[in-house]
Each structure stands twice: as structure tokens, then as C-alpha cells.
>>> print(open('upload20.txt').read())   # compact mmCIF, C-alpha atoms
# COMPACT_ATOMS: atom_id res chain seq x y z
CA MET A 1 158.79 130.16 205.32
CA ARG A 2 159.95 132.88 207.65
CA GLU A 3 158.92 136.41 206.86
CA ARG A 4 162.49 137.71 206.77
CA ASP A 5 163.51 135.15 204.11
CA ILE A 6 161.14 136.69 201.63
CA LEU A 7 162.70 139.07 199.15
CA GLU A 8 160.81 142.14 198.08
CA GLY A 9 160.95 142.82 194.37
CA GLN A 10 160.65 146.17 192.68
CA LEU A 11 159.03 146.67 189.29
CA LEU A 12 161.31 148.26 186.74
CA GLU A 13 158.61 150.54 185.42
CA GLU A 14 158.58 152.26 188.74
CA ALA A 15 162.37 152.23 188.92
CA TRP A 16 164.16 153.10 185.73
CA LEU A 17 167.57 151.72 184.82
CA THR A 18 170.51 154.03 184.31
CA LEU A 19 172.90 153.58 181.40
CA ASP A 20 175.45 151.77 183.54
CA GLN A 21 172.81 149.54 185.05
CA LEU A 22 171.41 148.62 181.65
CA ALA A 23 174.91 147.88 180.37
CA ALA A 24 175.60 145.66 183.38
CA ALA A 25 172.24 143.96 183.00
CA CYS A 26 173.03 142.79 179.48
CA SER A 27 176.79 142.32 179.87
CA VAL A 28 177.80 145.01 177.41
CA ASP A 29 180.17 147.90 177.63
CA PRO A 30 178.45 151.25 178.37
CA ASP A 31 180.17 152.55 175.21
CA TRP A 32 178.33 149.95 173.13
CA LEU A 33 175.07 151.33 174.49
CA LEU A 34 176.07 154.96 173.96
CA LEU A 35 176.99 154.25 170.37
CA HIS A 36 173.64 152.57 169.77
CA LEU A 37 171.78 155.40 171.47
CA GLU A 38 173.50 158.04 169.38
CA GLU A 39 172.50 156.16 166.25
CA GLY A 40 168.89 156.11 167.45
CA PHE A 41 168.64 152.34 167.86
CA PHE A 42 166.66 152.67 171.08
CA PRO A 43 163.50 154.50 170.08
CA GLN A 44 161.92 154.07 173.53
CA ALA A 45 164.88 155.39 175.52
CA ARG A 46 164.39 158.74 177.16
CA SER A 47 166.96 161.24 178.21
CA VAL A 48 166.09 163.77 180.87
CA ALA A 49 168.58 166.64 181.16
CA GLY A 50 171.24 164.51 179.49
CA VAL A 51 170.68 161.51 181.77
CA TRP A 52 169.45 158.37 180.05
CA ARG A 53 166.84 156.19 181.65
CA PHE A 54 165.63 152.85 180.43
CA SER A 55 162.57 150.67 180.90
CA GLY A 56 162.17 146.90 180.93
CA ALA A 57 161.37 147.04 177.19
CA ALA A 58 164.75 148.68 176.50
CA LEU A 59 166.42 145.87 178.41
CA VAL A 60 164.77 143.22 176.26
CA ARG A 61 165.72 145.18 173.14
CA ALA A 62 169.35 145.63 174.20
CA ARG A 63 169.74 141.93 174.90
CA ARG A 64 168.18 141.02 171.56
CA MET A 65 170.45 143.37 169.62
CA ARG A 66 173.52 142.18 171.44
CA ARG A 67 172.69 138.55 170.65
CA LEU A 68 172.05 139.32 166.99
CA GLU A 69 175.33 141.15 166.69
CA ARG A 70 177.17 138.34 168.43
CA ASP A 71 175.49 135.31 166.82
CA PHE A 72 175.35 136.61 163.26
CA ASP A 73 178.04 139.28 163.28
CA ALA A 74 175.19 141.61 162.37
CA VAL A 75 176.01 145.28 161.86
CA PRO A 76 174.16 147.41 164.46
CA GLU A 77 171.74 148.77 161.83
CA MET A 78 170.73 145.23 160.88
CA ALA A 79 170.39 144.16 164.51
CA ALA A 80 168.17 147.21 165.16
CA LEU A 81 166.06 146.43 162.11
CA VAL A 82 165.55 142.84 163.24
CA ALA A 83 164.75 144.04 166.77
CA ASP A 84 162.13 146.41 165.25
CA LEU A 85 160.59 143.50 163.36
CA LEU A 86 160.59 141.25 166.42
CA GLU A 87 158.89 143.97 168.47
CA GLU A 88 156.31 144.40 165.73
CA MET A 89 155.78 140.65 165.82
CA ASP A 90 155.42 140.69 169.62
CA ALA A 91 152.74 143.36 169.26
CA LEU A 92 150.88 141.38 166.59
CA ARG A 93 151.09 138.19 168.64
CA ALA A 94 149.70 140.11 171.60
CA ARG A 95 146.77 141.17 169.41
CA LEU A 96 146.21 137.57 168.34
CA ARG A 97 146.21 136.53 171.98
CA ARG A 98 143.80 139.31 172.74
CA ALA A 99 141.50 137.99 170.05
CA GLY A 100 141.91 134.48 171.45
CA LEU A 101 143.35 133.30 168.14
CA ASP A 102 146.74 131.97 169.13
CA MET B 103 177.22 113.56 183.87
CA GLN B 104 177.15 112.82 180.17
CA PHE B 105 179.94 113.66 177.79
CA LYS B 106 178.75 116.15 175.15
CA ASP B 107 179.99 116.06 171.59
CA TYR B 108 179.96 119.72 170.63
CA TYR B 109 181.12 118.92 167.10
CA GLN B 110 178.06 116.73 166.65
CA THR B 111 175.80 119.47 168.05
CA LEU B 112 176.98 121.87 165.37
CA GLY B 113 177.28 119.15 162.73
CA VAL B 114 180.91 119.85 161.91
CA ALA B 115 184.03 117.67 161.65
CA ARG B 116 186.49 117.63 164.52
CA ASP B 117 189.07 119.36 162.34
CA ALA B 118 186.63 122.01 161.11
CA LYS B 119 188.10 125.46 160.57
CA ALA B 120 186.93 128.38 162.71
CA ASP B 121 185.04 129.79 159.71
CA ASP B 122 183.15 126.53 159.16
CA ILE B 123 182.18 126.41 162.80
CA LYS B 124 180.92 129.97 162.62
CA LYS B 125 178.95 129.17 159.49
CA ALA B 126 177.41 126.01 160.92
CA PHE B 127 176.45 127.84 164.12
CA ARG B 128 174.81 130.72 162.26
CA LYS B 129 172.84 128.39 160.06
CA LEU B 130 171.47 126.51 163.06
CA ALA B 131 171.03 129.69 165.10
CA ARG B 132 168.79 131.01 162.34
CA LYS B 133 166.74 127.82 162.38
CA TYR B 134 166.32 127.66 166.14
CA HIS B 135 166.22 131.35 167.06
CA PRO B 136 163.55 131.28 169.79
CA ASP B 137 161.89 134.46 168.57
CA VAL B 138 161.05 133.08 165.15
CA SER B 139 161.50 129.31 165.18
CA ARG B 140 158.51 127.05 164.64
CA GLU B 141 160.36 124.09 166.13
CA THR B 142 158.82 123.09 169.44
CA ASP B 143 162.15 122.60 171.19
CA ALA B 144 163.72 125.76 169.78
CA GLU B 145 164.71 127.24 173.11
CA ALA B 146 166.42 124.07 174.36
CA ARG B 147 168.18 123.56 171.02
CA MET B 148 169.36 127.17 170.96
CA LYS B 149 170.85 126.70 174.40
CA GLU B 150 172.75 123.62 173.21
CA LEU B 151 173.95 125.46 170.13
CA ASN B 152 175.14 128.38 172.21
CA GLU B 153 176.95 126.04 174.54
CA ALA B 154 178.70 124.22 171.69
CA ASN B 155 179.53 127.53 170.06
CA ALA B 156 180.85 129.02 173.30
CA VAL B 157 183.38 126.21 173.41
CA LEU B 158 184.25 125.67 169.76
CA SER B 159 184.43 129.34 168.78
CA ASP B 160 186.91 130.08 171.55
CA PRO B 161 190.38 128.78 170.62
CA GLU B 162 191.38 128.23 174.25
CA LYS B 163 188.20 126.44 175.25
CA ARG B 164 188.26 124.40 172.04
CA ALA B 165 191.85 123.30 172.65
CA ALA B 166 191.05 122.33 176.23
CA TYR B 167 187.95 120.45 175.09
CA ASP B 168 189.85 118.62 172.34
CA GLN B 169 192.61 117.65 174.72
CA LEU B 170 190.27 116.47 177.43
CA GLY B 171 187.63 114.97 175.21
CA LYS B 172 189.82 112.45 173.39
CA GLY B 173 188.33 108.99 173.48
CA TRP B 174 184.95 109.98 174.92
CA GLN B 175 181.70 109.05 173.27
CA PRO B 176 178.64 111.29 173.37
CA GLY B 177 176.35 110.32 176.22
CA GLN B 178 179.12 108.41 178.02
CA ASP B 179 179.36 109.06 181.74
CA PHE B 180 181.95 111.76 182.12
CA ARG B 181 183.95 113.15 185.00
CA ALA B 182 186.73 115.69 184.69
CA PRO B 183 190.10 114.19 185.66
CA PRO B 184 191.39 115.07 189.13
CA GLY B 185 193.42 118.24 189.11
CA TRP B 186 191.54 119.60 186.11
CA ASP B 187 191.63 123.26 186.87
CA ALA B 188 192.37 125.00 183.63
CA PRO B 189 195.59 126.87 184.34
CA PHE B 190 195.19 129.43 181.59
CA GLU B 191 193.63 132.86 181.70
CA HIS B 192 190.35 133.04 179.88
CA ALA B 193 190.01 135.88 177.41
CA GLY B 194 186.33 136.68 177.99
CA ARG B 195 184.25 137.03 174.86
CA GLY B 196 180.78 136.52 173.57
CA TYR B 197 178.75 134.78 176.23
CA SER B 198 177.99 136.37 179.56
CA PRO B 199 178.50 134.46 182.81
CA ASP B 200 174.75 134.55 183.06
CA GLU B 201 174.28 132.66 179.82
CA GLU B 202 177.07 130.26 180.68
CA ALA B 203 175.29 129.46 183.93
CA GLY B 204 172.40 128.17 181.83
CA PHE B 205 174.61 125.67 180.02
CA SER B 206 174.89 121.98 180.95
CA ASP B 207 176.62 120.45 183.97
CA PHE B 208 179.18 119.10 181.52
CA PHE B 209 180.04 122.65 180.47
CA SER B 210 180.32 123.92 184.03
CA GLU B 211 182.46 120.92 185.03
CA LEU B 212 184.88 121.76 182.24
CA PHE B 213 184.79 125.51 182.04
CA GLY B 214 183.00 126.74 185.12
CA ARG B 215 186.37 127.19 186.75
CA MET B 216 188.11 128.87 183.88
CA GLY B 217 187.43 132.32 185.16
CA GLY B 218 184.46 134.45 184.30
CA THR B 219 184.01 136.74 181.38
CA GLY B 220 182.36 139.70 182.96
CA PRO B 221 183.59 142.86 184.59
CA GLY B 222 184.94 142.48 188.08
CA ARG B 223 186.96 139.40 187.27
CA ARG B 224 188.84 140.82 184.32
CA GLY B 225 192.59 141.04 184.89
CA GLY B 226 192.48 138.54 187.70
CA ALA B 227 192.78 141.00 190.55
CA ARG B 228 189.73 141.47 192.72
CA THR B 229 188.80 145.09 192.63
CA ALA B 230 185.97 146.81 194.38
CA ARG B 231 183.61 146.93 191.43
CA ARG B 232 179.92 146.67 191.17
CA GLY B 233 178.82 143.03 190.96
CA GLU B 234 177.21 141.80 187.77
CA ASP B 235 173.48 141.67 187.39
CA HIS B 236 171.96 138.28 186.91
CA HIS B 237 168.96 137.47 184.80
CA ALA B 238 166.28 134.90 184.90
CA ARG B 239 162.88 134.42 183.42
CA VAL B 240 160.07 133.71 185.79
CA LEU B 241 156.73 132.12 184.95
CA LEU B 242 153.83 133.44 187.00
CA ASP B 243 150.11 132.88 187.07
CA VAL B 244 147.67 135.68 186.34
CA GLU B 245 146.44 135.41 189.92
CA ASP B 246 149.94 136.26 191.20
CA ALA B 247 149.54 139.83 189.93
CA PHE B 248 146.58 140.49 192.21
CA GLY B 249 147.82 140.05 195.72
CA GLY B 250 151.45 140.20 196.83
CA VAL B 251 151.97 136.42 196.90
CA SER B 252 155.38 134.85 197.51
CA ARG B 253 156.80 132.45 194.98
CA GLN B 254 159.74 130.10 195.16
CA ILE B 255 162.01 130.66 192.22
CA ALA B 256 164.78 128.18 191.37
CA LEU B 257 167.79 129.65 189.60
CA ARG B 258 171.20 128.62 188.47
CA ILE B 259 173.65 131.46 188.79
CA PRO B 260 177.36 132.06 188.41
CA ALA B 261 178.97 132.10 191.85
CA ALA B 262 182.37 131.65 193.39
CA ASP B 263 182.95 128.44 195.36
CA ALA B 264 184.56 128.23 198.80
CA SER B 265 188.07 128.73 197.41
CA GLY B 266 186.99 131.76 195.41
CA ARG B 267 186.95 130.06 192.02
CA PRO B 268 184.06 130.92 189.76
CA GLY B 269 181.52 128.19 189.25
CA TYR B 270 177.79 127.74 189.40
CA GLN B 271 175.32 127.48 192.16
CA ASP B 272 171.70 126.45 192.36
CA ARG B 273 169.66 128.86 194.37
CA THR B 274 166.09 128.95 195.50
CA LEU B 275 164.67 132.32 196.36
CA ASN B 276 161.43 133.25 198.00
CA VAL B 277 160.29 136.30 196.16
CA LYS B 278 157.34 138.46 197.03
CA ILE B 279 155.72 139.22 193.70
CA PRO B 280 154.88 142.92 193.45
CA ARG B 281 151.17 143.56 193.08
CA GLY B 282 150.28 144.65 189.58
CA VAL B 283 153.04 142.83 187.75
CA CYS B 284 152.28 142.07 184.11
CA PRO B 285 154.00 140.15 181.30
CA GLY B 286 157.13 141.74 179.86
CA GLN B 287 157.92 143.60 183.03
CA VAL B 288 161.12 143.15 184.93
CA ILE B 289 161.26 142.62 188.68
CA ARG B 290 164.46 143.85 190.24
CA LEU B 291 165.82 142.24 193.38
CA ALA B 292 168.44 144.67 194.56
CA GLY B 293 171.70 143.15 195.74
CA GLN B 294 170.80 139.59 194.71
CA GLY B 295 173.20 139.46 191.74
CA ALA B 296 176.93 138.82 191.82
CA PRO B 297 178.84 140.01 194.90
CA GLY B 298 180.75 143.27 194.58
CA ALA B 299 180.72 146.77 195.91
CA PRO B 300 177.84 147.21 195.61
CA ALA B 301 176.44 143.74 194.78
CA GLY B 302 174.67 143.36 191.45
CA ASP B 303 170.93 142.99 191.08
CA LEU B 304 168.86 140.02 190.08
CA LEU B 305 166.50 140.90 187.24
CA LEU B 306 163.51 138.67 186.69
CA GLU B 307 161.71 138.91 183.37
CA VAL B 308 158.07 138.14 183.93
CA GLU B 309 156.02 135.81 181.77
CA PHE B 310 152.58 134.44 182.49
CA ARG B 311 151.54 130.84 182.17
CA PRO B 312 148.58 130.40 179.85
CA HIS B 313 145.38 130.48 181.87
CA PRO B 314 142.33 128.38 181.02
CA ARG B 315 139.92 131.31 181.43
CA PHE B 316 141.82 134.57 181.17
CA ARG B 317 143.91 136.07 178.43
CA VAL B 318 146.17 138.93 179.35
CA ASP B 319 146.86 142.04 177.30
CA GLY B 320 149.07 144.44 179.19
CA ARG B 321 147.04 145.00 182.35
CA ASP B 322 143.73 144.08 180.75
CA LEU B 323 142.13 140.71 181.32
CA LEU B 324 140.03 139.18 178.59
CA LEU B 325 137.57 136.43 179.08
CA THR B 326 134.49 134.94 177.54
CA LEU B 327 131.21 135.51 179.32
CA PRO B 328 128.56 132.93 178.41
CA LEU B 329 124.99 134.27 178.56
CA ALA B 330 121.60 132.65 178.30
CA PRO B 331 119.47 134.12 175.46
CA TRP B 332 117.05 135.71 177.95
CA GLU B 333 119.93 137.31 179.90
CA ALA B 334 121.17 138.87 176.68
CA ALA B 335 117.71 139.94 175.51
CA LEU B 336 116.33 141.28 178.79
CA GLY B 337 119.53 142.41 180.46
CA ALA B 338 120.81 140.85 183.66
CA VAL B 339 123.28 141.18 186.47
CA VAL B 340 125.61 138.19 186.33
CA PRO B 341 128.44 137.11 188.63
CA VAL B 342 131.94 136.91 187.12
CA ALA B 343 134.75 135.26 189.08
CA LEU B 344 137.99 137.22 188.75
CA PRO B 345 141.37 136.72 190.42
CA GLY B 346 140.67 139.72 192.63
CA GLY B 347 137.33 138.27 193.76
CA GLU B 348 133.88 137.95 192.28
CA VAL B 349 132.29 140.97 190.66
CA ARG B 350 128.71 141.45 189.51
CA VAL B 351 128.41 142.72 185.97
CA ARG B 352 125.37 144.37 184.49
CA VAL B 353 124.63 143.05 181.02
CA PRO B 354 122.59 145.66 179.13
CA GLU B 355 119.27 144.83 177.60
CA GLY B 356 119.60 143.67 174.00
CA ALA B 357 123.23 142.56 174.37
CA ARG B 358 124.50 140.75 171.32
CA GLY B 359 126.83 137.76 171.04
CA GLY B 360 130.31 138.72 169.82
CA SER B 361 130.18 142.16 171.39
CA GLN B 362 132.44 143.15 174.24
CA LEU B 363 131.70 144.57 177.66
CA ARG B 364 134.37 146.56 179.46
CA VAL B 365 134.50 146.55 183.25
CA ARG B 366 136.80 149.38 184.19
CA GLY B 367 139.55 149.00 186.74
CA LYS B 368 139.01 145.33 187.53
CA GLY B 369 142.01 144.04 185.57
CA ILE B 370 145.55 143.74 186.86
CA PRO B 371 146.07 146.36 189.61
CA GLY B 372 148.26 149.36 188.89
CA GLU B 373 148.23 153.08 188.23
CA PRO B 374 145.92 152.99 186.37
CA PRO B 375 144.59 149.45 186.84
CA GLY B 376 143.68 147.38 183.79
CA ASP B 377 140.15 146.65 182.65
CA VAL B 378 138.27 143.39 182.28
CA LEU B 379 136.98 142.79 178.77
CA LEU B 380 134.16 140.32 178.47
CA ASP B 381 133.47 138.68 175.14
CA LEU B 382 129.76 137.94 175.18
CA ARG B 383 128.77 134.53 173.93
CA ILE B 384 125.17 133.48 173.86
CA VAL B 385 124.67 129.87 174.78
CA VAL B 386 121.45 128.25 173.67
CA PRO B 387 119.91 125.75 176.09
CA PRO B 388 119.52 122.25 174.65
CA ALA B 389 116.10 121.07 173.55
CA ASP B 390 116.52 117.74 175.27
CA THR B 391 113.21 117.36 177.11
CA PRO B 392 109.66 117.47 175.78
CA ARG B 393 109.02 120.62 177.81
CA ALA B 394 112.11 122.33 176.40
CA ARG B 395 111.05 121.38 172.88
CA GLU B 396 107.63 122.87 173.58
CA PHE B 397 109.25 126.16 174.60
CA TYR B 398 111.27 126.32 171.42
CA GLU B 399 108.22 125.46 169.33
CA SER B 400 106.17 128.20 170.93
CA MET B 401 109.08 130.64 170.43
CA SER B 402 109.20 129.68 166.81
CA ARG B 403 105.48 130.48 166.52
CA GLU B 404 105.52 133.67 168.59
CA PHE B 405 108.63 135.34 167.16
CA ALA B 406 108.58 136.56 163.62
CA PHE B 407 112.31 136.19 163.64
CA ASP B 408 114.69 135.43 160.81
CA PRO B 409 118.28 135.45 162.11
CA ARG B 410 119.60 135.59 158.50
CA GLY B 411 117.46 138.63 157.84
CA THR B 412 119.49 140.77 160.23
CA GLU B 413 122.66 139.74 158.40
CA ARG B 414 121.38 141.06 155.10
CA THR B 415 120.79 144.59 156.35
>>> encode(input="upload20.txt", output="C-alpha cells")
Amino acid sequence: MRERDILEGQLLEEAWLTLDQLAAACSVDPDWLLLHLEEGFFPQARSVAGVWRFSGAALVRARRMRRLERDFDAVPEMAALVADLLEEMDALRARLRRAGLD
Amino acid sequence: MQFKDYYQTLGVARDAKADDIKKAFRKLARKYHPDVSRETDAEARMKELNEANAVLSDPEKRAAYDQLGKGWQPGQDFRAPPGWDAPFEHAGRGYSPDEEAGFSDFFSELFGRMGGTGPGRRGGARTARRGEDHHARVLLDVEDAFGGVSRQIALRIPAADASGRPGYQDRTLNVKIPRGVCPGQVIRLAGQGAPGAPAGDLLLEVEFRPHPRFRVDGRDLLLTLPLAPWEAALGAVVPVALPGGEVRVRVPEGARGGSQLRVRGKGIPGEPPGDVLLDLRIVVPPADTPRAREFYESMSREFAFDPRGTERT
């Protein structure tokens, strides 16, 4: 393997996603995201001086909500509720793993 | 490649109405949703369901599939007829090119050339737009987070062929894993997504393979530290092998089984680095020789010790 063939990755926590980048990353229209942000469906999203920035967790959440809306014709509120529950479940599963119980 | 019977996948009749297809898909999607399903093959089944749904829920794709699929049996060796190059414009909906890239060879043979669904290809004309981002999940080992190792990652991504028609391409990338990566994080490879101006990014969602010794919680590493009774009672300095190298851990005098020792900063690197949490487990040596039995017998005489007594207090 030659050194120049190796790609250098960047961790998203160190490099936040912009609104357009997040929209592109989950194949949605930026307006879809804006609408969901205004309704408060992204509790972790932060806006600094009117500019949104998103973490890896927001990306996972956006993709989940989009799939729920698409697969089940879920209204955004329902998709957000299910995403909340899934995140809660992720956290509980992480605690189980931590306790070595999974 | 094998012919796929999408009607069978969704369990609907060939003349099923759009509503019935939607209903059948939702019912199965609920059963196999990877986040909640208890079925072992949930993820693979969900992919099949999505593929069948991508075709049957789209009137154009369904019509093309019906027309082409006449007379084929599921599992039969299938090849698209020569000249098959769907002449109609695809009205992108639902599934992203990224998801479609994950579908079967059969799907890409039939629909991989129908034109993509994402921005940049809409309207047919090539405009100078930012390329799409691609996604993939990548399975790493705990050890990978400790020293910038390089990993080969095999991906299937949407890509244009030599004549500019959209299709799929298998790619292998050598990726240097950033030090300090932990599960749930996303690694961005700038410019490795779809071509465009500028090119899209490739986003890798990180998961860790289960490790026989370590459990991972964020940046913390958890592991069990077995101790001999005398090490626990008298205190000891014991070696612990960690991905970042061996460390020596001081076990305090009177350590008890089931308690936890925290070694700060020796977990997954970062700002701040994670900790190592050691679950202490006291392992009793076997009494399998006369001399060992003698030891236990003299302990039994010398200690006025009732292990149940401590429980009652």
C-alpha cells in the first residue's frame, strides 16, 4: 500500500455539518430540515448566530426520521417521537453493554 | 444473477393495488425494522423489502419490471435483454441513490441505468452542482481507535459508467482511521462522494465489532480484572494489557469483588481521553492438591470469617 493511496478521514465531532451538508448527507431537501428544526424535532442541533451546525448524532436522527416518514407515511411529530424512543433505547442498550448484560 | 420476485418478497398478488402494496410493505417494515426487530436477519430482510418496495411502489419501475419479468421464475438465472436501457425519465422519489446502491445486482441490472434520484441529475442536464454525499457503515475493532491504523473498506456506491450513465461501482478504499474514533461517530472523507463541483463527501458511520475482553461506552473501556484473594486483601500492583499498551494498576488494600476501579485517561484517546473501568472479580484458587487443601484448612481455622455475616449488616 503506497502512502499516497491512503485517505485521511476527519471526525465529524471536530468538523460540524452545515444545514446544506446534512441535507445532502441524508438525501433530503434543506427545506425539510428547516421545517423540522423550526418544530424543534432536533433537540441536539445548535444554532450559533443564526447558523445551524449538526453533529454525527443529528445525522443519524435525520436519517431515521426521514425513513420513518417515508416507510410509514408518518407525520413529522410521530417520526420525531419514534426517533426519541429509539435514542432512549440506544442509551439503555449502551448501559446494558456497560454492565456486560447484553 | 438470479431473478427476484418482488411480489413474493412483499407477499402480494401480481395485480395488487398500490394501496395493498403499501400496506404489505408497512406491515413487513414494522416487523423487520432493524432498530427494533428481534429477527436475526432483520437488516438483510429490510434491505430486500426496501428493494421490492422501491420497484413496486413506483409506477414506472413497476411497469418496467412487469413487462420485463414476464415468464421468469424466482431464482432463475436472469440477464437483462440486450438494448435494455430504460428510455423513460425516472421521477425520483423515496429511496436515495445511496440506498439503491445497496440493493441486489438484479436491481442494478434493471434500474441502475434509469437515472438517479438525487440532486445533480434532476432534469437531465448536467449542472455544476455539489455532488451527493455517500454513506456507509464501517466495522472497526477497539484497537483501531488507538493508533492511526489504515483499514481497507469495501463499498458499493452509485457511479456513472464510461458513457456517463448512472450505475453502481464496487470500490475499495484505504482509509486512515482517525485516532480516538468511537462508536456512533462519523468519519468524513472529503471529496470521496459523488462527482460534482465540489464533489460530495463519503460519510462513514463507525461501529465496533464486539471484543472478547473490552466493552466500549463512549470513550471509556470496560473490562473485568481477575484478582487473587491475597491481591484483593493486601493490595497489589497488577499488569493490565490495553490496546494502547500495558499499564500497571494499583489495586488498593481491601479491594472487594464487584467494585470498580477507574484508571483515568487510559481509554480511547481524545480531548479528553476516556477512562478504563475495571470490574474487580476475585478468583479463588482451586483446592486441587493436598498442599492447597492444607492452606484452605488452616485459613478456615485461623479466620473467624463468616461471608454471610457481612451480607446481613
>>> closest_residue(input="upload20.txt", among="A:Ala80, A:Leu59, A:Met65, A:Ala45", to="chain B", atoms="only C-alpha atoms")
A:Leu59
>>> interface_residues(input="upload20.txt", of="chain A", to="chain B", cutoff="9 Å", atoms="all atoms listed in the file", output="JSON, numbers by chain")
{"A": [1, 5, 6, 7, 8, 9, 10, 11, 12, 13, 15, 21, 24, 25, 26, 27, 28, 55, 56, 57, 59, 60, 67, 70, 71, 72, 86, 94, 95, 97, 98, 99, 100]}
>>> closest_residue(input="upload20.txt", among="A:Trp52, A:Arg63, A:Phe41, A:Leu68", to="Asp84 in chain A", atoms="all atoms listed in the file")
A:Phe41
>>> atom_distance(input="upload20.txt", atom1="CA of Arg53 in chain A", atom2="CA of Glu87 in chain A")
19.7 Å
>>> atom_distance(input="upload20.txt", atom1="CA of Ile123 in chain B", atom2="CA of Ala74 in chain A")
16.7 Å
>>> atom_distance(input="upload20.txt", atom1="CA of Phe397 in chain B", atom2="CA of Val385 in chain B")
15.9 Å
>>> closest_residue(input="upload20.txt", among="A:Ala49, A:Ala83, A:Pro43, A:Trp32", to="Arg61 in chain A", atoms="all atoms listed in the file")
A:Ala83
>>> build_atoms(input="upload20.txt", residues="range 298-324 of chain B", atoms="N, CA and C atoms", output="CSV table (one decimal), in the coordinates of the input")
chain,number,residue,atom,x,y,z
B,298,GLY,N,179.9,142.2,195.0
B,298,GLY,CA,180.8,143.3,194.6
B,298,GLY,C,180.5,144.4,195.5
B,299,ALA,N,181.0,145.6,195.1
B,299,ALA,CA,180.7,146.8,195.9
B,299,ALA,C,180.2,147.9,195.0
B,300,PRO,N,178.8,148.0,194.9
B,300,PRO,CA,177.8,147.2,195.6
B,300,PRO,C,177.6,145.9,194.8
B,301,ALA,N,176.8,145.0,195.5
B,301,ALA,CA,176.4,143.7,194.8
B,301,ALA,C,175.5,144.0,193.6
B,302,GLY,N,175.6,143.2,192.6
B,302,GLY,CA,174.7,143.4,191.4
B,302,GLY,C,173.2,143.0,191.8
B,303,ASP,N,172.3,143.3,190.8
B,303,ASP,CA,170.9,143.0,191.1
B,303,ASP,C,170.5,141.7,190.4
B,304,LEU,N,169.5,141.1,190.8
B,304,LEU,CA,168.9,140.0,190.1
B,304,LEU,C,167.6,140.6,189.4
B,305,LEU,N,167.6,140.4,188.0
B,305,LEU,CA,166.5,140.9,187.2
B,305,LEU,C,165.7,139.7,186.7
B,306,LEU,N,164.4,139.8,187.1
B,306,LEU,CA,163.5,138.7,186.7
B,306,LEU,C,162.6,139.2,185.6
B,307,GLU,N,162.6,138.6,184.4
B,307,GLU,CA,161.7,138.9,183.4
B,307,GLU,C,160.4,138.1,183.5
B,308,VAL,N,159.3,138.8,183.6
B,308,VAL,CA,158.1,138.1,183.9
B,308,VAL,C,157.3,137.6,182.7
B,309,GLU,N,156.9,136.4,182.8
B,309,GLU,CA,156.0,135.8,181.8
B,309,GLU,C,154.9,135.2,182.5
B,310,PHE,N,153.7,135.1,181.9
B,310,PHE,CA,152.6,134.4,182.5
B,310,PHE,C,152.3,133.1,181.9
B,311,ARG,N,152.0,132.1,182.7
B,311,ARG,CA,151.5,130.8,182.2
B,311,ARG,C,150.2,131.0,181.5
B,312,PRO,N,149.9,130.3,180.4
B,312,PRO,CA,148.6,130.4,179.8
B,312,PRO,C,147.5,130.0,180.9
B,313,HIS,N,146.4,130.7,180.9
B,313,HIS,CA,145.4,130.5,181.9
B,313,HIS,C,144.2,129.9,181.1
B,314,PRO,N,143.5,128.9,181.7
B,314,PRO,CA,142.3,128.4,181.0
B,314,PRO,C,141.2,129.4,180.8
B,315,ARG,N,141.1,130.4,181.6
B,315,ARG,CA,139.9,131.3,181.4
B,315,ARG,C,140.3,132.7,181.0
B,316,PHE,N,141.5,133.2,181.4
B,316,PHE,CA,141.8,134.6,181.2
B,316,PHE,C,142.9,134.7,180.1
B,317,ARG,N,142.8,135.7,179.3
B,317,ARG,CA,143.9,136.1,178.4
B,317,ARG,C,144.3,137.4,178.9
B,318,VAL,N,145.6,137.7,178.8
B,318,VAL,CA,146.2,138.9,179.4
B,318,VAL,C,146.7,139.8,178.2
B,319,ASP,N,146.3,141.1,178.3
B,319,ASP,CA,146.9,142.0,177.3
B,319,ASP,C,147.3,143.3,178.1
B,320,GLY,N,148.6,143.4,178.3
B,320,GLY,CA,149.1,144.4,179.2
B,320,GLY,C,148.5,144.2,180.6
B,321,ARG,N,147.7,145.2,181.1
B,321,ARG,CA,147.0,145.0,182.4
B,321,ARG,C,145.6,144.6,182.2
B,322,ASP,N,145.1,144.5,180.9
B,322,ASP,CA,143.7,144.1,180.8
B,322,ASP,C,143.6,142.6,180.8
B,323,LEU,N,142.5,142.1,181.3
B,323,LEU,CA,142.1,140.7,181.3
B,323,LEU,C,141.0,140.5,180.4
B,324,LEU,N,141.1,139.5,179.5
B,324,LEU,CA,140.0,139.2,178.6
B,324,LEU,C,139.5,137.8,178.9
